[in-house]
Amino acid sequence: MSRAEIVAAILWLGVTLYAVLGGADFGAGLWDLLAGNSTNGEPPRALIDASIGPVWEANHTWLIFDLVILWSAFPLAFASLMSTLFVPLTLAAFGIILRGAGFAFRKYTRPLAGRRAFGATFALSSVITPFFLGTALGAIASGRVPAGNAAGDPWTSWLNPTSVLVGCLAVATGAFVAAVFLVSAARRQGDPDLERYFRRRALAVGSVAGGLSIVGLFVLAVDATALYNGLSGRGLPLVVASLILGSTSLVLLARGICRGIRVVAAGAVTAIVWGWGVAQLPAILPGSLTIEAAAAPSGTLDALIVISIAAAVTIGPSLGLLFILDGRSRLQAGH
Amino acid sequence: MLFDLGPLPPANLLAARDQMAVTLGFHIVLACLGVAFPTLLLIANWRAIRSSDADALRLARRWSRIIAVTFAVGAVSGTVLSFEMGLLWPGLMGRFGAAYGIPFAIEGIFFFLEAIFIAIYIYGWDRLSPWTHFLSGIPIALSGFGGTFSVVTANAWMNQPAGFTLGADGQVTDVQPLGVIFNNATWYEAGHMFLAAYMVTGFLLASTYAVGRLRGRMDRYTRLGFIIPFAVAAIATPLQIGMGDIAARAVFTDQPAKFAAMELVQTTGPNTPVVVGGILIDGRVVGGLPIPGLGSLLAGFNTATVVHGLDGIAPADQPPVNIVHLAWDTMLSAGFGLLALAAWFGLTWIRRRELPTSRWFYRFAAVAGAASVVALEAGWIVTEVGRQPWIVYGLLRTVDAVTRAPGAIASFVVVMVIYLILGFATFVVLRSMSRQGADDTADGGEPYGPRR
Ligand code: HDD
Ligand code: HEM
Ligand code: HEM
């Protein structure tokens, strides 16, 4: 593996973590949005609040990690995609700021009207943001982002069948993983009603995501042939793995088995993210830029590898501690 | 491969600059709170445990709730900045990302640690033992320090680019990460910013308790809430001015055009005056109070020191002089005003071991928070506007870095609206939190407490 490939793999790891953890936080926002009026919606919203409250900022930081690695290691790719995808990424940035602020403000606001307004801001932007991020990924994957300062089409690059598909998939998978996480949280809290509530939703949105993926294959075959060939060629094992893990998680859900389900659901997302990465190798911007051509000089890559190791050593244990403490508090609350 | 430039849509440059200025100017205030607030909180927390001080404990609890809000807003507004690096300045990132990006990558670690330990600390009230809880706060303060250092390093690099070689095509070829990080401007900029964070946080927080005191709250809780942040800010103030002096001399040697704009220096030569106030119109200084020779004296400890004037700098390479000069004067005025207030506090304390009793002291203290924010923003205007027309000093012009995507104007307008609402909402939420009774366990109780 070359240095550039190592850093690309680190970047992909960061993207995976954000897709799973950040995606689940977005998904939780979707469930918040759909939880109904303030009386009926109170129990699910409280569970959502308690489970993403302590962790969302940390999960969100994976996005920062991805951005800084991308712009340092592959500056040309970063500059090209940020400028061509100016519109969806600006909208995603707005969504991010509204969502975080809305969530934090809701927590500390007392009047119901204020809580509603902040809550709605949080929930709506939780749906919009992953959609736009997804359309941007779709644009890259379907080879619509050429190298250069705003060299691609500002509109059709992300308003096209593949982009819309990936946008919807991003929302649906986030909602699915979130629902699975919430099923487990409800189980740990010993709340069978909420467990059933989120299980039903997980099954529904899981089926939607599955259906979308099948439709998606046809879309890709027509709209993004190179990606389709990659996914059905080199990426096939990972695509199959994702299908198996996805179906397994649905079966586990349907049977009411909680053990390991979070890992299986996260695995399904992980497999598809890596499937995409493998499918477009050796390109970072398919059709115009390879990983090697976009890579920064070796001094930068070495520094990034060292920084990533330092990050793993410091952040890993700290994050573990946070997740453990977070899990334990919910156990206590069950009593 | 060189990063191509397309045609520049009209007004993109102006819109992008203004958007950058607004979003940075917003983020930096919250960033200051993120850097220094945890330390103040830990001081209160330490006191609470050591001396079983119930008032200190109430302060610490209340402050930690406020941090939960300001940190969230700081984190999302910082994320917007990260997007903007590419959205607005793809020419900068495309050409120099390999060097300029490294400090940001380091910053990422610190932000991660900060986010994790803030969550642990806030969650840890009543769940961790008091000292363990206290210890879980220390990484927050440390990562605030590390985060400032790394992100300001990136800015310092824009002023004093170093640690790389340019290939024949103008693309960065060889990168020495340590050279990037420890560039000429790193030490003084990072030190100055770090102290600024403590001043801003200390004075802002103390302001609110000074207002309380003016409204007649004289209890021990209010007094302690005033004294901890004010003392920290008062200690930081003289250090900050010393640091600013070092910075000014470094700018004098390394960035002559910026220095000439700051001091309104027209002609190169010795015996350069300092002009307090005044603006430049058609090459002449209008208004203002010139102090003969002081410019040369401050720059080189000798009135014979030659200072470069704007006459030696091509008009196309000059920054907007008046903005830089007025911002510079504003920072200095605020800085010396705060120094006087800090001295008032310090002398009274040394003589009587007591707070000043004069209402005027608290009136000034009540505006000290705003004054320190003004100094902060003005300082950044000096740094950023004074670097123009360069985005990377001497190497890349801002106009060559800006995005070619149509729509920068629309984005700027929406940003203005969102940030106005955001600023207003932040203010309202914080104010309503400070009005909720001092025993704030009502509502969500502790922020991330278990379900009741
Ligand atoms: C509380 C805030 C505060 C206060 C009281 C002062 N400053 Fe400052 N100053 C800043 C906050 C600041 C800053 C944090 O906003 C800047 C912007 C970039 C930087 O490194 O620090 C800055 C920049 C800055 C620069 C430009 C550095 C550059 O462009 O590279 C100089 C020369 C000074 N300052 C000098 C001073 C002096 C002589 C002061 C004495 C009164 C002073 N500052 C008070
Ligand atoms: C480490 C921190 C910072 C970095 C990396 C940074 C980076 C940048 C960049 C890339 C630009 C656009 C290019 C240019 O106009 O030169 C810019 C412009 C600007 N920034 Fe900063 N900035 C930082 C901190 C700040 C802060 C805290 C402020 C607070 C007010 C600020 C104020 C401005 C202003 C006013 C401009 C517009 C200058 C002009 O175009 O005339 N900056 N900054
Ligand atoms: C002098 C300038 C700056 C300082 C001192 C500073 C400091 C901080 C601090 C302390 C935080 C933690 C959040 C908080 O406490 O509110 C933060 C958040 C953040 N800042 Fe800044 N910042 C500066 C400028 C910038 C710039 C120029 C960028 C990006 C280009 C940036 C990107 C971020 C990001 C992405 C976060 C969120 C991290 C997270 O998710 O926790 N900051 N900043």
# chains A, B, ... in the order shown; residues from 1 in each chain; ligands from 1
$ residues_around --residues "range 42-59 of chain A" --least-positions-apart "6" --cutoff "7 Å" --atoms "only C-alpha atoms" --output "CSV table (one decimal) with N, CA, C and O atoms, in the first residue's frame"
chain,number,residue,atom,x,y,z
A,18,TYR,N,-18.5,8.3,10.6
A,18,TYR,CA,-19.5,9.4,10.5
A,18,TYR,C,-20.8,8.9,9.9
A,18,TYR,O,-21.9,9.2,10.4
A,21,LEU,N,-22.3,6.6,13.0
A,21,LEU,CA,-22.6,7.3,14.3
A,21,LEU,C,-23.3,8.6,14.0
A,21,LEU,O,-24.4,8.9,14.6
A,22,GLY,N,-22.7,9.4,13.1
A,22,GLY,CA,-23.4,10.7,12.7
A,22,GLY,C,-24.7,10.4,12.1
A,22,GLY,O,-25.7,11.1,12.3
A,25,ASP,N,-27.4,9.8,14.5
A,25,ASP,CA,-27.9,11.0,15.2
A,25,ASP,C,-28.9,11.7,14.3
A,25,ASP,O,-29.9,12.3,14.8
A,28,ALA,N,-32.1,9.8,14.4
A,28,ALA,CA,-32.8,10.1,15.6
A,28,ALA,C,-33.6,11.4,15.5
A,28,ALA,O,-34.8,11.5,15.9
A,32,ASP,N,-37.6,12.0,15.8
A,32,ASP,CA,-38.1,13.1,16.6
A,32,ASP,C,-39.2,13.9,15.9
A,32,ASP,O,-40.3,14.2,16.4
A,35,ALA,N,-42.5,12.0,15.7
A,35,ALA,CA,-43.0,11.4,17.0
A,35,ALA,C,-44.4,12.0,17.3
A,35,ALA,O,-44.9,11.6,18.4
A,194,LEU,N,-41.7,1.4,24.4
A,194,LEU,CA,-40.8,2.1,23.5
A,194,LEU,C,-40.0,1.1,22.6
A,194,LEU,O,-39.8,1.4,21.5
B,112,PHE,N,-11.9,16.9,19.3
B,112,PHE,CA,-12.5,15.6,19.7
B,112,PHE,C,-12.5,15.4,21.2
B,112,PHE,O,-13.5,15.1,21.8
B,115,ALA,N,-14.8,17.7,23.0
B,115,ALA,CA,-16.2,17.3,22.9
B,115,ALA,C,-16.5,16.1,23.8
B,115,ALA,O,-17.5,16.1,24.5
B,116,ILE,N,-15.6,15.2,23.9
B,116,ILE,CA,-15.8,14.0,24.7
B,116,ILE,C,-15.8,14.3,26.2
B,116,ILE,O,-16.7,13.9,26.9
B,119,ALA,N,-18.7,16.3,27.5
B,119,ALA,CA,-19.9,15.4,27.7
B,119,ALA,C,-19.7,14.7,29.0
B,119,ALA,O,-20.7,14.6,29.8
B,448,TYR,N,-27.8,16.2,31.0
B,448,TYR,CA,-27.9,14.9,30.4
B,448,TYR,C,-28.3,13.8,31.4
B,448,TYR,O,-28.0,12.7,31.4
$ interface_residues --of "chain A" --to "chain B" --cutoff "7 Å" --atoms "only C-alpha atoms" --output "PyMOL selection string"
chain A and resi 50+53-54+57-58+61+64-65+68-69+71-73+75-76+78-79+82-84+86+93+96-97+100-101+104-105+107+109+148-150+296-297+299-300+303+307+311+315+318-319+322+329-330+333
$ select_by_dssp --residues "range 27-270 of chain A" --states "alpha helix (DSSP H)" --output "VMD selection string"
chain A and resid 27 to 33 42 to 52 56 to 73 75 to 84 86 to 107 112 to 141 161 to 189 192 to 223 225 to 232 236 to 255 261 to 270
$ select_by_dssp --residues "range 194-336 of chain B" --states "strand (DSSP E)" --output "ChimeraX atom specification"
/B:274-276,279-281,284-286,289-291
$ residues_around --residues "Leu142 in chain B" --least-positions-apart "3" --cutoff "12 Å" --atoms "only C-alpha atoms" --output "list in words"
Gly34, Val35, Ala36, Phe37, Pro38, Thr39, Leu42, Ile109, Phe110, Phe111, Leu113, Glu114, Phe117, Ile118, Leu135, Ser136, Gly137, Ile138, Pro139, Phe145, Gly146, Gly147, Thr148, Phe149 and Phe194 of chain B
$ closest_residue --among "B:Trp390, B:Trp360, B:Tyr188, B:Phe226" --to "ligand 1" --atoms "only C-alpha atoms and all ligand atoms"
B:Tyr188
$ closest_atom_pairs --of "range 4-110 of chain A" --to "range 157-164 of chain A" --cutoff "9 Å" --atoms "only C-alpha atoms" --output "tab-separated table"
residue	atom	partner	partner_atom	distance
A:Thr84	CA	A:Ser157	CA	7.6
A:Leu85	CA	A:Trp158	CA	7.2
A:Val87	CA	A:Trp158	CA	8.8
A:Pro88	CA	A:Trp158	CA	7.4
$ closest_atom_pairs --of "chain B" --to "ligand 2" --cutoff "7 Å" --atoms "only C-alpha atoms and all ligand atoms" --output "tab-separated table"
residue	atom	partner	partner_atom_place_in_ligand_line	distance
B:Arg17	CA	ligand 2	40 (O)	4.5
B:Asp18	CA	ligand 2	37 (C)	6.2
B:Met20	CA	ligand 2	19 (C)	5.6
B:Ala21	CA	ligand 2	34 (C)	3.9
B:Leu24	CA	ligand 2	28 (C)	4.7
B:Gly25	CA	ligand 2	30 (C)	3.7
B:Ile28	CA	ligand 2	27 (C)	4.7
B:Met85	CA	ligand 2	10 (C)	6.4
B:Trp89	CA	ligand 2	10 (C)	6.6
B:Val151	CA	ligand 2	1 (C)	4.7
B:Val152	CA	ligand 2	1 (C)	4.0
B:Thr153	CA	ligand 2	1 (C)	6.8
B:Ala154	CA	ligand 2	5 (C)	5.3
B:Asn155	CA	ligand 2	5 (C)	4.1
B:Glu377	CA	ligand 2	30 (C)	4.6
B:Trp380	CA	ligand 2	29 (C)	4.6
B:Ile381	CA	ligand 2	35 (C)	4.8
B:Glu384	CA	ligand 2	38 (C)	4.9
B:Val385	CA	ligand 2	41 (O)	4.0
B:Arg387	CA	ligand 2	16 (O)	6.6
B:Gln388	CA	ligand 2	16 (O)	5.9
B:Pro389	CA	ligand 2	16 (O)	7.0
B:Trp390	CA	ligand 2	16 (O)	5.9
B:Ile391	CA	ligand 2	16 (O)	3.8
B:Thr398	CA	ligand 2	14 (C)	5.4
$ closest_residue --among "B:Leu239, B:Leu332, B:Ala342, B:Ile279" --to "Ala378 in chain B" --atoms "only C-alpha atoms"
B:Leu332
$ closest_residue --among "B:Val399, B:Ala299, B:Leu13, B:Val286" --to "ligand 1" --atoms "only C-alpha atoms and all ligand atoms"
B:Ala299
$ residues_around --residues "range 291-298 of chain B" --least-positions-apart "2" --cutoff "12 Å" --atoms "only C-alpha atoms" --output "ChimeraX atom specification"
/B:244-250,252,259-260,262-265,268-277,288-289,300-309
$ atom_distance --atom1 "CA of Leu212 in chain A" --atom2 "CA of Phe131 in chain A"
14.1 Å
